[in-house]
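The next block holds one structure in the form of structure tokens; read it before the comments.
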Amino acid sequence: MSQIKRVRGFQDIYGENARKYRYVVDTARNIFEKYNFEEIILPFVEDVSLFVRSVGEETDIVQKEMYVFEDRGGRKVALRPEGTASAVRAYIEEKLYAKGGYQKLFYEGAMFRYERPQAGRYRQFHQIGAEIFGVDSPVADAELIKMVQDILDSLGIQTRLEINTLGDFESRKRYMEVLRQFLKGVEDSLCEDCRKRIERNPLRVLDCKVEGCRQATADAPVLMDFISEKSLERFERLKEYLTGLGVDFTVNPRLVRGLDYYTDTVFEFITDKIGAQGTVAAGGRYDTLVKQLGGPDTPALGFAAGIERLMLLVETMPEDQPLVSVIPVVSEFNIQALKAAQSLRKEGIKTELILKEGSLKSKMKVANKFGSRFVVFVSEKPELKDMESGEQELFENIQDLIEVVSGKLKGALG
């Protein structure tokens, strides 16, 4: 029989990568909780109309990238391509707005987009993200951006921050009409994708990475010239707050993001270390989306970051706790070995009971393959071996051994 292989664009995360994945997620979770965000666990499958109405029918995600299918009930559903729309749907459906005040939610998990696999980008990928519902102050924008920076700093990832304002919905609508007319005049110089975007999503042309498109749009009308005084003032306050927080940033007037729901603030944290697709975390404000999806008029903002991309950029992680392996000298001591392993674990010690049958020599080979720092031999009296120094010490009982090994492990961790 032929070997069954994983589907292209999907991956197994195991070994060192699994440890790195967990490190990224746990680091982010720790920061989220410090900022008083509450976790929400969202479904993988949603009604396809959720993403058509929120992300935008003319966006690349909806046009080309979503996994869409009919379930057995004849419902047209999609694997979620991003988390914000699902969070908004949950905010409305679960009536979280009825709690009063404002809501701060975070999530992590798999997303799905059918696009060309490349460094840090897969068809099943994973994101961390957070959303704030019910606050329109630019203070919230500044604090959200600072929180993202805290996560990146905690992971030891160096990036640069770019920010922009898209203005309110009416400002952007006026600008898009002017931009569309300009783009029609340079259409012959644009790539095939950007020609299609002229009608359905002209802002995305400004964000195209093709050099010919960048040259053709170098003299395009500037969005900032069309933005309302209110939005401009809001943007100035955001810059003041970021400066006050010690957050370095660059204003990039071409930064537009690819989703229809953004208004006012947009931002990206960017690196040059993973090729052209260098955005590792991004987000912004979407003040009209909750109402657009049938909820109350609610200002909102959020961000998301690709876990795989963050993993590529993590260079160091905390050392794993040293491993203690337990080996029964002969099978007659299996019960004592089982009990000894449990006693070690109760003390918070990372413990492997060597399960392989065979000679003591073969069991020691397994302990070595696991990278054991210490080995406990179980017989009439337990014996502790330091695998680095080779020293062995005999004890009257397992509790005395545990007390000694705990001290040695603390010393090993420094």
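Residues in the structure tokens are numbered from 1 in each chain, the chains being A, B, ... in the order shown, and ligands are numbered from 1 in the order shown.
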
(request) Tell me which protein, DNA and RNA residues are within 7 Å of region 273-289 of chain A, counting only C-alpha atoms, leaving out same-chain ones fewer than 4 positions away, and put them as an MDAnalysis selection string. (result) chainID A and resid 54 119 261:269 293 298:306 309:310

Next, write the just-selected residues to a file, as a short mmCIF file (atom, residue, chain, number, x, y, z; two decimals), in the first residue's frame, keeping N, CA and C atoms as the atom set.
```
data_model
loop_
_atom_site.label_atom_id
_atom_site.label_comp_id
_atom_site.auth_asym_id
_atom_site.auth_seq_id
_atom_site.Cartn_x
_atom_site.Cartn_y
_atom_site.Cartn_z
N SER A 54 -18.11 40.47 6.46
CA SER A 54 -17.18 41.20 7.32
C SER A 54 -15.85 41.46 6.63
N ALA A 119 7.59 30.55 3.49
CA ALA A 119 8.19 30.62 4.82
C ALA A 119 7.23 31.23 5.83
N TYR A 261 -13.14 45.80 6.70
CA TYR A 261 -13.78 46.33 7.90
C TYR A 261 -12.99 47.40 8.64
N TYR A 262 -11.75 47.68 8.25
CA TYR A 262 -10.94 48.62 9.02
C TYR A 262 -11.39 50.07 8.85
N THR A 263 -11.33 50.83 9.95
CA THR A 263 -11.56 52.27 9.94
C THR A 263 -10.52 52.91 10.86
N ASP A 264 -10.16 54.16 10.56
CA ASP A 264 -9.18 54.88 11.37
C ASP A 264 -7.88 54.08 11.52
N THR A 265 -7.50 53.74 12.74
CA THR A 265 -6.16 53.18 13.01
C THR A 265 -5.92 51.84 12.32
N VAL A 266 -4.77 51.74 11.64
CA VAL A 266 -4.24 50.45 11.20
C VAL A 266 -2.76 50.42 11.55
N PHE A 267 -2.23 49.22 11.83
CA PHE A 267 -0.82 49.12 12.21
C PHE A 267 -0.27 47.76 11.84
N GLU A 268 1.05 47.71 11.66
CA GLU A 268 1.75 46.46 11.39
C GLU A 268 3.10 46.48 12.08
N PHE A 269 3.47 45.34 12.68
CA PHE A 269 4.82 45.12 13.17
C PHE A 269 5.53 44.27 12.12
N LEU A 293 -22.84 43.55 11.20
CA LEU A 293 -23.19 42.14 11.34
C LEU A 293 -24.42 41.92 12.21
N THR A 298 -21.22 49.57 17.95
CA THR A 298 -20.17 49.32 18.93
C THR A 298 -18.80 49.58 18.32
N PRO A 299 -18.04 50.54 18.85
CA PRO A 299 -16.65 50.70 18.38
C PRO A 299 -15.82 49.50 18.81
N ALA A 300 -14.81 49.16 18.01
CA ALA A 300 -14.01 47.97 18.32
C ALA A 300 -12.65 48.06 17.64
N LEU A 301 -11.71 47.30 18.16
CA LEU A 301 -10.37 47.22 17.58
C LEU A 301 -9.73 45.90 17.98
N GLY A 302 -8.68 45.53 17.24
CA GLY A 302 -8.02 44.27 17.58
C GLY A 302 -6.77 44.06 16.77
N PHE A 303 -6.15 42.90 16.97
CA PHE A 303 -4.94 42.53 16.23
C PHE A 303 -4.86 41.01 16.15
N ALA A 304 -4.00 40.54 15.25
CA ALA A 304 -3.68 39.12 15.19
C ALA A 304 -2.22 38.97 14.78
N ALA A 305 -1.62 37.87 15.19
CA ALA A 305 -0.23 37.56 14.84
C ALA A 305 -0.13 36.09 14.47
N GLY A 306 0.63 35.80 13.43
CA GLY A 306 0.83 34.42 13.00
C GLY A 306 1.84 33.72 13.88
N ARG A 309 5.04 32.40 12.06
CA ARG A 309 6.02 33.45 11.77
C ARG A 309 6.78 33.85 13.03
N LEU A 310 6.08 33.94 14.13
CA LEU A 310 6.76 34.25 15.38
C LEU A 310 7.77 33.15 15.73
#
```

(message) Taking the DSSP secondary structure from the backbone, can you list the residues of region 48-189 of chain A that are alpha helix (DSSP H), as a PyMOL selection string?
(response) chain A and resi 48-54+60+84-93+138-154+169-185

(request) Using only C-alpha atoms, determine which residues lie at most 9 Å from Leu155 (chain A), disregarding the query and same-chain residues fewer than 5 positions distant; provide the list as a list in words. (result)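 Near Leu155 (chain A), the qualifying residues are Tyr23, Val24, Thr27, Ala28, Asp150, Leu310, Leu313, Val314, Glu315, Thr316 and Met317 of chain A.
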
(message) So the first atom is CA of Thr159 (chain A) and the second is CA of Met147 (chain A); what is the distance between them in Å, to one decimal place?
(response) 14.0 Å

Quick one: residues within 7 Å of region 234-239 of chain A, only C-alpha atoms, excluding same-chain residues fewer than 3 positions away - as a compact mmCIF listing (two decimals) with all heavy atoms, in the first residue's frame?
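Ended up saving to result.txt:
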```txt
# COMPACT_ATOMS: atom_id res chain seq x y z
N PRO A 138 -8.69 56.71 21.47
CA PRO A 138 -7.38 56.30 20.96
C PRO A 138 -6.44 55.80 22.05
O PRO A 138 -5.41 55.20 21.75
CB PRO A 138 -6.84 57.57 20.30
CG PRO A 138 -7.61 58.70 20.91
CD PRO A 138 -8.96 58.14 21.24
N VAL A 139 -6.81 56.01 23.31
CA VAL A 139 -6.05 55.40 24.41
C VAL A 139 -6.05 53.88 24.26
O VAL A 139 -5.03 53.22 24.48
CB VAL A 139 -6.63 55.81 25.78
CG1 VAL A 139 -5.98 55.01 26.90
CG2 VAL A 139 -6.45 57.30 26.03
N ALA A 142 -3.62 52.84 21.52
CA ALA A 142 -2.23 52.91 21.99
C ALA A 142 -1.90 51.74 22.91
O ALA A 142 -0.83 51.13 22.79
CB ALA A 142 -1.99 54.24 22.71
N THR A 165 -3.74 55.95 9.33
CA THR A 165 -5.17 56.09 9.58
C THR A 165 -5.91 56.01 8.25
O THR A 165 -5.48 56.62 7.25
CB THR A 165 -5.51 57.41 10.29
OG1 THR A 165 -6.95 57.50 10.44
CG2 THR A 165 -5.01 58.63 9.54
N LYS A 230 -11.93 65.18 12.37
CA LYS A 230 -12.09 64.35 13.56
C LYS A 230 -11.10 63.18 13.54
O LYS A 230 -10.44 62.87 14.54
CB LYS A 230 -13.51 63.83 13.66
CG LYS A 230 -13.77 62.98 14.90
CD LYS A 230 -15.22 62.50 14.94
CE LYS A 230 -15.46 61.60 16.15
NZ LYS A 230 -16.86 61.09 16.17
N SER A 231 -10.99 62.51 12.38
CA SER A 231 -10.08 61.37 12.27
C SER A 231 -8.62 61.80 12.34
O SER A 231 -7.78 61.11 12.92
CB SER A 231 -10.34 60.60 10.98
OG SER A 231 -11.54 59.86 11.06
N LEU A 242 1.40 56.99 21.89
CA LEU A 242 2.46 56.02 21.62
C LEU A 242 3.82 56.59 22.01
O LEU A 242 4.65 55.90 22.61
CB LEU A 242 2.46 55.64 20.13
CG LEU A 242 1.30 54.77 19.65
CD1 LEU A 242 1.35 54.59 18.14
CD2 LEU A 242 1.29 53.41 20.34
N THR A 243 4.03 57.86 21.69
CA THR A 243 5.28 58.51 22.08
C THR A 243 5.42 58.54 23.60
O THR A 243 6.49 58.27 24.15
CB THR A 243 5.34 59.94 21.52
OG1 THR A 243 5.26 59.88 20.09
CG2 THR A 243 6.63 60.64 21.91
```

(request) May I ask which of the residues A:Ile163, A:Ala90, A:Leu384, A:Ile132 is the closest one to Phe32 (chain A), counting only C-alpha atoms? (result) A:Ile132

(message) Which residue is closest to Phe377 (chain A)? Choose from A:Leu344, A:Val326, A:Lys339, A:Val251 and count only C-alpha atoms.
(response)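 Counting only C-alpha atoms, the residue closest to Phe377 (chain A) is A:Val326.
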
(request) Would you return as a PyMOL selection string the members of region 53-200 of chain A that DSSP assigns to strand (DSSP E) on this structure's backbone? (result) chain A and resi 68-70+76-79+103-112+124-133+160-165
